[in-house]
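**Q** This is the structure I have questions about; it appears just below.
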2 protein chains.
Amino acid sequence: MLVLLQELMADDLRRVRAPSGARLFRQGDAARGLFLLKVGKVRLLRHTSDGNEVILHTARPGESLAEASLFAEHYHCEAVALEDSVAMLAPKERLHALLRTHPQAAELLFARLARQVRELRTQLELRNIRRAEERLLAALRLRADANGAVTIGDTWKDLAAELGLTQEALYRALSRLERQGAIIRPATRTVLLRS
Amino acid sequence: MLVLLQELMADDLRRVRAPSGARLFRQGDAARGLFLLKVGKVRLLRHTSDGNEVILHTARPGESLAEASLFAEHYHCEAVALEDSVAMLAPKERLHALLRTHPQAAELLFARLARQVRELRTQLELRNIRRAEERLLAALRLRADANGAVTIGDTWKDLAAELGLTQEALYRALSRLERQGAIIRPATRTVLLRS
DNA sequence: CGTCACATTGATGCCTCTCAAAGCTTGTGG
DNA sequence: CCACAAGCTTTGAGAGGCATCAATGTGACG
């Protein structure tokens with residue numbers, strides 16, 4: 001889909017570079033358009049009134065960011081580059097035009113948004129599991145491949161934030177699961193599920 | 001948008017009636033299409049492995065349900081009628097055809113999905129507020145009108161579930177906020193925010 | 001080879017869940 | 001019109017679990 005959009009919008013895409021730590025956009029900025037991440041890692045987060053921040057998503061190459069703000073005046077979250085990143089900016093108006101003239105592209109974007117909705121609901125569902133062990137196990141199960149192996153892309157600390165736990169709580173849950181025999185940890189960032 | 005879809009798909013829409021307690025679809029059912037709620041109240045929920053259920057959304061007349069499953073083989077949640085309800089079913093294939101032939105309809109559906117993404121992210125953000133008082137206050141602020149008045153449509157119990165709290169925790173949070181002077185409760189289901 | 005961030009484990013306190021019970025509202029049927 | 005039932009509302013007491021603070025180990029990277 002990234003490819004299709006790039007072909008269709010070749011002339012309208014603008015390359016944006018964000019060194020590690022830089023922001024593609026901030027909460028409240030006027031929505032310029034959709035970002036397609038080509039290189040790096042970008043985190044979407046939101047600031048709460050009490051000064052904490054909430055990780056909404058961590059995007060990797062091939063993903064698009066801020067689809068939702070295509071129909072909003074302002075960005076409702078902040079995009080921080082975690083590594084030196086390169087993205088393509090697809091201006092809002094051009095994308096709207098494209099949606100009208102290229103149903104194929106519209107359908108792809110639509111499917112992508114639909115998937116996001118499902119993922120968000122899943123994440124919300126995980127939060128309803130109160131016990132740290134169970135929440136973590138459920139999250140690991142969702143990420144496991146056919147062999148029951150999970151290799152986390154980020155750090156455990158990041159996963160903790162995504163699950164709404166402190167890192168300490170997550171580490172304790174990990175070791176408890178291991179002690180119970182529910183998981184095995186062959187490497188630092190890999191676990192095997194023992195159903 | 002409901003209206004537009006109804007005009008464009010008049011011949012393809014099928015009226016579905018669900019008495020209170022009945023299910024429009026269950027988790028795992030083959031995805032038939034999109035539901036447009038005309039009358040009643042329908043709750044989307046998902047069952048967790050430990051037997052609990054998670055409220056994903058409570059839809060009211062004018063809303064559409066299960067947009068995300070337009071691109072999925074199966075429904076990933078369950079839709080229960082809380083009151084006697086009437087919905088229109090827009091079959092998946094017909095909608096796909098419509099998306100290709102009527103960009104206007106596509107754009108509307110797109111905007112709707114985008115809004116859902118934002119709402120879900122907001123809900124997720126609320127969950128990151130640990131303290132019940134603060135989470136509730138944030139939720140109330142999001143629902144307040146210009147005067148700072150909030151009238152909940154459902155029961156407090158329902159709001160508790162939506163916020164990931166037990167009803168007891170929510171009631172205690174309410175009375176604490178009232179004691180602190182942060183809110184006033186003129187009626188059972190209405191609060192005034194005193195910023 | 002020093003620094004920095006992640007990883008790991010310990011101790012303590014607070015907060016929410018859980019169980020329990022009683023008051024209150026709403027609706028229903030006799 | 002009353003009485004009863006069912007579900008929501010409200011408050012209490014106790015326990016368990018996670019956050020918090022703290023300290024040390026470990027790995028990566030310049």
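Residue numbers start at 1 in each chain; chains themselves are named A, B, ... in the order of the structure tokens; ligands are numbered from 1 in the order shown.
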Given a cut-off of 12 Å, which residues of chain B touch chain C, counting only C-alpha atoms (C1' of nucleotides), written out as a list in words?
**A**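 Putting it all together, I get Arg130, Arg131, Ala132, Glu133, Gly164, Leu165, Thr166, Gln167, Glu168, Ala169, Leu170, Arg172, Ala173 and Thr188 of chain B.
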**Q** Running DSSP on the backbone, which parts of stretch 68-123 of chain B land in helix (DSSP H, G or I), as number ranges by chain?
**A** B: 68-71, 92-101, 103-123
**Q** Taking the backbone alone, and naming residues the way the document does, which bits of chain A are strand (DSSP E or B) by DSSP, as a VMD selection string?
**A** chain A and resid 14 to 18 23 to 25 30 33 to 39 42 to 47 53 to 59 64 to 65 74 78 to 81 85 to 91 149 to 151 183 to 187 190 to 193
**Q** Which residues come within 10 Å of B:Gln27, counting only C-alpha atoms (C1' of nucleotides), excluding same-chain residues fewer than 5 positions away, as a list in words?
**A**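 Near B:Gln27, the qualifying residues are Leu44, Leu45, Arg46, His47, His74, Tyr75, His76, Cys77, Glu78 and Ala79 of chain B.
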**Q** Using only N, CA and C atoms, please write the residues we just selected to a file, as a PDB file, in the first residue's frame.
**A**
```pdb
ATOM      1  N   LEU B  44     -21.196  -3.597  21.980  1.00  0.00           N
ATOM      2  CA  LEU B  44     -20.159  -4.444  21.411  1.00  0.00           C
ATOM      3  C   LEU B  44     -19.274  -4.931  22.535  1.00  0.00           C
ATOM      4  N   LEU B  45     -19.094  -6.221  22.639  1.00  0.00           N
ATOM      5  CA  LEU B  45     -18.216  -6.722  23.682  1.00  0.00           C
ATOM      6  C   LEU B  45     -17.449  -7.945  23.219  1.00  0.00           C
ATOM      7  N   ARG B  46     -16.427  -8.226  23.968  1.00  0.00           N
ATOM      8  CA  ARG B  46     -15.536  -9.309  23.617  1.00  0.00           C
ATOM      9  C   ARG B  46     -15.310 -10.161  24.860  1.00  0.00           C
ATOM     10  N   HIS B  47     -15.181 -11.451  24.664  1.00  0.00           N
ATOM     11  CA  HIS B  47     -14.960 -12.349  25.789  1.00  0.00           C
ATOM     12  C   HIS B  47     -13.478 -12.635  25.937  1.00  0.00           C
ATOM     13  N   HIS B  74     -14.212 -12.780   9.862  1.00  0.00           N
ATOM     14  CA  HIS B  74     -15.119 -13.053  10.981  1.00  0.00           C
ATOM     15  C   HIS B  74     -15.277 -11.826  11.864  1.00  0.00           C
ATOM     16  N   TYR B  75     -16.386 -11.779  12.566  1.00  0.00           N
ATOM     17  CA  TYR B  75     -16.542 -10.734  13.562  1.00  0.00           C
ATOM     18  C   TYR B  75     -15.604 -11.038  14.715  1.00  0.00           C
ATOM     19  N   HIS B  76     -14.993 -10.014  15.251  1.00  0.00           N
ATOM     20  CA  HIS B  76     -14.048 -10.222  16.336  1.00  0.00           C
ATOM     21  C   HIS B  76     -14.639  -9.799  17.671  1.00  0.00           C
ATOM     22  N   CYS B  77     -15.893  -9.488  17.668  1.00  0.00           N
ATOM     23  CA  CYS B  77     -16.567  -9.194  18.920  1.00  0.00           C
ATOM     24  C   CYS B  77     -18.036  -9.554  18.793  1.00  0.00           C
ATOM     25  N   GLU B  78     -18.749  -9.358  19.879  1.00  0.00           N
ATOM     26  CA  GLU B  78     -20.146  -9.755  19.923  1.00  0.00           C
ATOM     27  C   GLU B  78     -21.017  -8.509  20.046  1.00  0.00           C
ATOM     28  N   ALA B  79     -22.173  -8.519  19.412  1.00  0.00           N
ATOM     29  CA  ALA B  79     -23.087  -7.377  19.483  1.00  0.00           C
ATOM     30  C   ALA B  79     -24.370  -7.806  20.168  1.00  0.00           C
TER      31      ALA B  79
END
```
**Q** Show me, as a tab-separated table, the residues of chain A having an atom within 7 Å of chain B, each with the closest atom pair and its distance in Å, using only C-alpha atoms.
**A**
```
residue	atom	partner	partner_atom	distance
A:Val54	CA	B:Glu125	CA	6.1
A:Leu56	CA	B:Arg121	CA	6.7
A:Glu67	CA	B:Ala114	CA	6.8
A:Ala68	CA	B:Ala114	CA	4.3
A:Phe71	CA	B:Ala111	CA	6.0
A:Leu99	CA	B:Pro103	CA	6.8
A:Arg100	CA	B:Pro103	CA	4.9
A:Pro103	CA	B:Arg100	CA	5.0
A:Phe110	CA	B:Phe110	CA	6.3
A:Ala111	CA	B:Phe71	CA	6.0
A:Leu113	CA	B:Leu113	CA	6.7
A:Ala114	CA	B:Ala68	CA	4.3
A:Arg115	CA	B:Ala68	CA	6.6
A:Val117	CA	B:Val117	CA	5.7
A:Arg118	CA	B:Ala68	CA	6.5
A:Leu120	CA	B:Leu120	CA	6.4
A:Arg121	CA	B:Leu56	CA	6.8
A:Leu124	CA	B:Leu124	CA	6.2
A:Glu125	CA	B:Val54	CA	6.2
A:Asn128	CA	B:Gly164	CA	6.1
A:Gly164	CA	B:Asn128	CA	6.1
```
**Q** Determine, counting only C-alpha atoms (C1' of nucleotides), which protein, DNA and RNA residues have an atom within 9 Å of an atom of A:Ser85; residues of the same chain fewer than 6 positions away are not included. Present the result as a short mmCIF file (atom, residue, chain, number, x, y, z; two decimals) with all heavy atoms, in the first residue's frame.
**A**
```cif
data_model
loop_
_atom_site.label_atom_id
_atom_site.label_comp_id
_atom_site.auth_asym_id
_atom_site.auth_seq_id
_atom_site.Cartn_x
_atom_site.Cartn_y
_atom_site.Cartn_z
N VAL A 16 10.55 13.72 4.46
CA VAL A 16 10.79 14.41 5.73
C VAL A 16 11.78 13.59 6.53
O VAL A 16 11.60 12.39 6.71
CB VAL A 16 9.48 14.55 6.54
CG1 VAL A 16 9.74 15.25 7.85
CG2 VAL A 16 8.44 15.29 5.72
N ARG A 17 12.82 14.26 7.00
CA ARG A 17 13.81 13.54 7.80
C ARG A 17 13.71 13.98 9.25
O ARG A 17 13.62 15.17 9.54
CB ARG A 17 15.23 13.79 7.26
CG ARG A 17 15.47 13.05 5.94
CD ARG A 17 16.54 13.68 5.08
NE ARG A 17 17.69 14.14 5.83
CZ ARG A 17 18.78 13.39 6.08
NH1 ARG A 17 18.84 12.16 5.62
NH2 ARG A 17 19.79 13.90 6.74
N ALA A 18 13.74 13.02 10.15
CA ALA A 18 13.67 13.34 11.57
C ALA A 18 14.77 12.59 12.30
O ALA A 18 14.71 11.37 12.45
CB ALA A 18 12.30 12.94 12.14
N PRO A 19 15.77 13.30 12.76
CA PRO A 19 16.82 12.66 13.56
C PRO A 19 16.24 12.14 14.86
O PRO A 19 15.19 12.61 15.31
CB PRO A 19 17.83 13.79 13.80
CG PRO A 19 17.10 15.05 13.52
CD PRO A 19 15.99 14.73 12.57
N SER A 20 16.92 11.20 15.45
CA SER A 20 16.44 10.61 16.70
C SER A 20 16.11 11.69 17.72
O SER A 20 16.93 12.57 17.99
CB SER A 20 17.50 9.66 17.25
OG SER A 20 17.06 9.08 18.45
N LEU A 37 6.12 6.02 6.92
CA LEU A 37 7.46 5.82 7.48
C LEU A 37 8.28 4.89 6.58
O LEU A 37 7.87 3.78 6.27
CB LEU A 37 7.35 5.23 8.89
CG LEU A 37 8.67 5.11 9.66
CD1 LEU A 37 9.35 6.46 9.78
CD2 LEU A 37 8.42 4.51 11.03
N LYS A 38 9.45 5.37 6.18
CA LYS A 38 10.29 4.55 5.31
C LYS A 38 11.46 3.95 6.08
O LYS A 38 11.82 2.79 5.88
CB LYS A 38 10.85 5.42 4.16
CG LYS A 38 9.75 5.97 3.26
CD LYS A 38 10.32 6.43 1.95
CE LYS A 38 10.76 5.26 1.09
NZ LYS A 38 11.28 5.69 -0.21
N VAL A 39 12.05 4.75 6.94
CA VAL A 39 13.21 4.28 7.70
C VAL A 39 13.08 4.74 9.15
O VAL A 39 12.62 5.86 9.40
CB VAL A 39 14.52 4.86 7.11
CG1 VAL A 39 15.73 4.40 7.93
CG2 VAL A 39 14.69 4.47 5.65
N GLY A 40 13.47 3.89 10.06
CA GLY A 40 13.54 4.32 11.46
C GLY A 40 12.42 3.79 12.32
O GLY A 40 11.83 2.74 12.06
N LYS A 41 12.13 4.51 13.38
CA LYS A 41 11.12 4.10 14.35
C LYS A 41 10.51 5.37 14.92
O LYS A 41 11.22 6.25 15.39
CB LYS A 41 11.77 3.26 15.44
CG LYS A 41 10.81 2.62 16.39
CD LYS A 41 11.36 1.34 17.02
CE LYS A 41 12.41 1.60 18.06
NZ LYS A 41 12.76 0.38 18.82
N VAL A 42 9.20 5.46 14.85
CA VAL A 42 8.52 6.66 15.33
C VAL A 42 7.45 6.29 16.33
O VAL A 42 6.67 5.37 16.10
CB VAL A 42 7.87 7.42 14.15
CG1 VAL A 42 7.02 8.57 14.68
CG2 VAL A 42 8.94 7.95 13.21
N PRO A 61 9.04 0.95 9.77
CA PRO A 61 9.02 1.20 8.32
C PRO A 61 7.89 0.43 7.64
O PRO A 61 7.64 -0.74 7.96
CB PRO A 61 10.38 0.69 7.86
CG PRO A 61 11.27 0.94 9.04
CD PRO A 61 10.41 0.67 10.24
#
```
**Q** Can you measure atom CA of B:Lys92 to atom CA of B:Leu24 for me? One decimal in Å is fine.
**A**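 Distance reported for this atom pair: 15.2 Å.
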**Q** Taking only C-alpha atoms (C1' of nucleotides) into account, name the residue in B:Arg26, B:Arg179, B:Trp156, B:Leu193 that is nearest to chain D.
**A** B:Trp156
**Q** Find the distance between atom CA of B:Gln180 and atom CA of B:Leu136 and write it in Å to one decimal.
**A**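 Between atom CA of B:Gln180 and atom CA of B:Leu136 the gap is 13.8 Å.
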**Q** Using only C-alpha atoms (C1' of nucleotides), find the residues of chain D whose closest atom to chain A is at most 12 Å away, then write them as a VMD selection string.
**A** chain D and resid 16 to 21 26 to 27
**Q** Kindly export the residues of the current selection with C-alpha atoms (C1' of nucleotides), as a PDB file, in the first residue's frame.
**A**
```
ATOM      1  C1'  DG D  16      -3.938  -8.781  47.663  1.00  0.00           C
ATOM      2  C1'  DG D  17      -1.332  -6.685  44.027  1.00  0.00           C
ATOM      3  C1'  DC D  18       0.858  -3.093  41.772  1.00  0.00           C
ATOM      4  C1'  DA D  19       3.348   1.378  42.125  1.00  0.00           C
ATOM      5  C1'  DT D  20       7.018   3.480  44.183  1.00  0.00           C
ATOM      6  C1'  DC D  21      11.529   4.067  45.874  1.00  0.00           C
ATOM      7  C1'  DT D  26      24.329  -6.213  32.810  1.00  0.00           C
ATOM      8  C1'  DG D  27      24.775  -5.087  28.154  1.00  0.00           C
TER       9       DG D  27
END
```
**Q** To one decimal place in Å, what is the distance between atom CA of B:Leu177 and atom C1' of D:DT11?
**A**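 The value is 15.6 Å.
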**Q** Need to verify the contact set: A:Leu13, 6 Å, only C-alpha atoms (C1' of nucleotides), exclusion of same-chain residues closer than 6 positions in sequence. Can you return it as a PDB file with all heavy atoms, in the first residue's frame?
**A**
```pdb
ATOM      1  N   MET A  88       7.628   9.908   4.375  1.00  0.00           N
ATOM      2  CA  MET A  88       7.086  10.676   3.265  1.00  0.00           C
ATOM      3  C   MET A  88       5.784  11.313   3.749  1.00  0.00           C
ATOM      4  O   MET A  88       4.950  10.650   4.359  1.00  0.00           O
ATOM      5  CB  MET A  88       6.784   9.749   2.083  1.00  0.00           C
ATOM      6  CG  MET A  88       7.959   8.902   1.615  1.00  0.00           C
ATOM      7  SD  MET A  88       9.360   9.878   1.057  1.00  0.00           S
ATOM      8  CE  MET A  88       8.806  10.338  -0.582  1.00  0.00           C
ATOM      9  N   LEU A  89       5.655  12.593   3.442  1.00  0.00           N
ATOM     10  CA  LEU A  89       4.441  13.292   3.842  1.00  0.00           C
ATOM     11  C   LEU A  89       3.493  13.390   2.655  1.00  0.00           C
ATOM     12  O   LEU A  89       3.836  13.959   1.620  1.00  0.00           O
ATOM     13  CB  LEU A  89       4.786  14.698   4.352  1.00  0.00           C
ATOM     14  CG  LEU A  89       3.600  15.618   4.615  1.00  0.00           C
ATOM     15  CD1 LEU A  89       2.663  15.024   5.670  1.00  0.00           C
ATOM     16  CD2 LEU A  89       4.076  16.984   5.061  1.00  0.00           C
ATOM     17  N   ALA A  90       2.322  12.824   2.813  1.00  0.00           N
ATOM     18  CA  ALA A  90       1.289  12.911   1.775  1.00  0.00           C
ATOM     19  C   ALA A  90       0.289  13.978   2.197  1.00  0.00           C
ATOM     20  O   ALA A  90      -0.509  13.753   3.101  1.00  0.00           O
ATOM     21  CB  ALA A  90       0.589  11.573   1.603  1.00  0.00           C
TER      22      ALA A  90
END
```
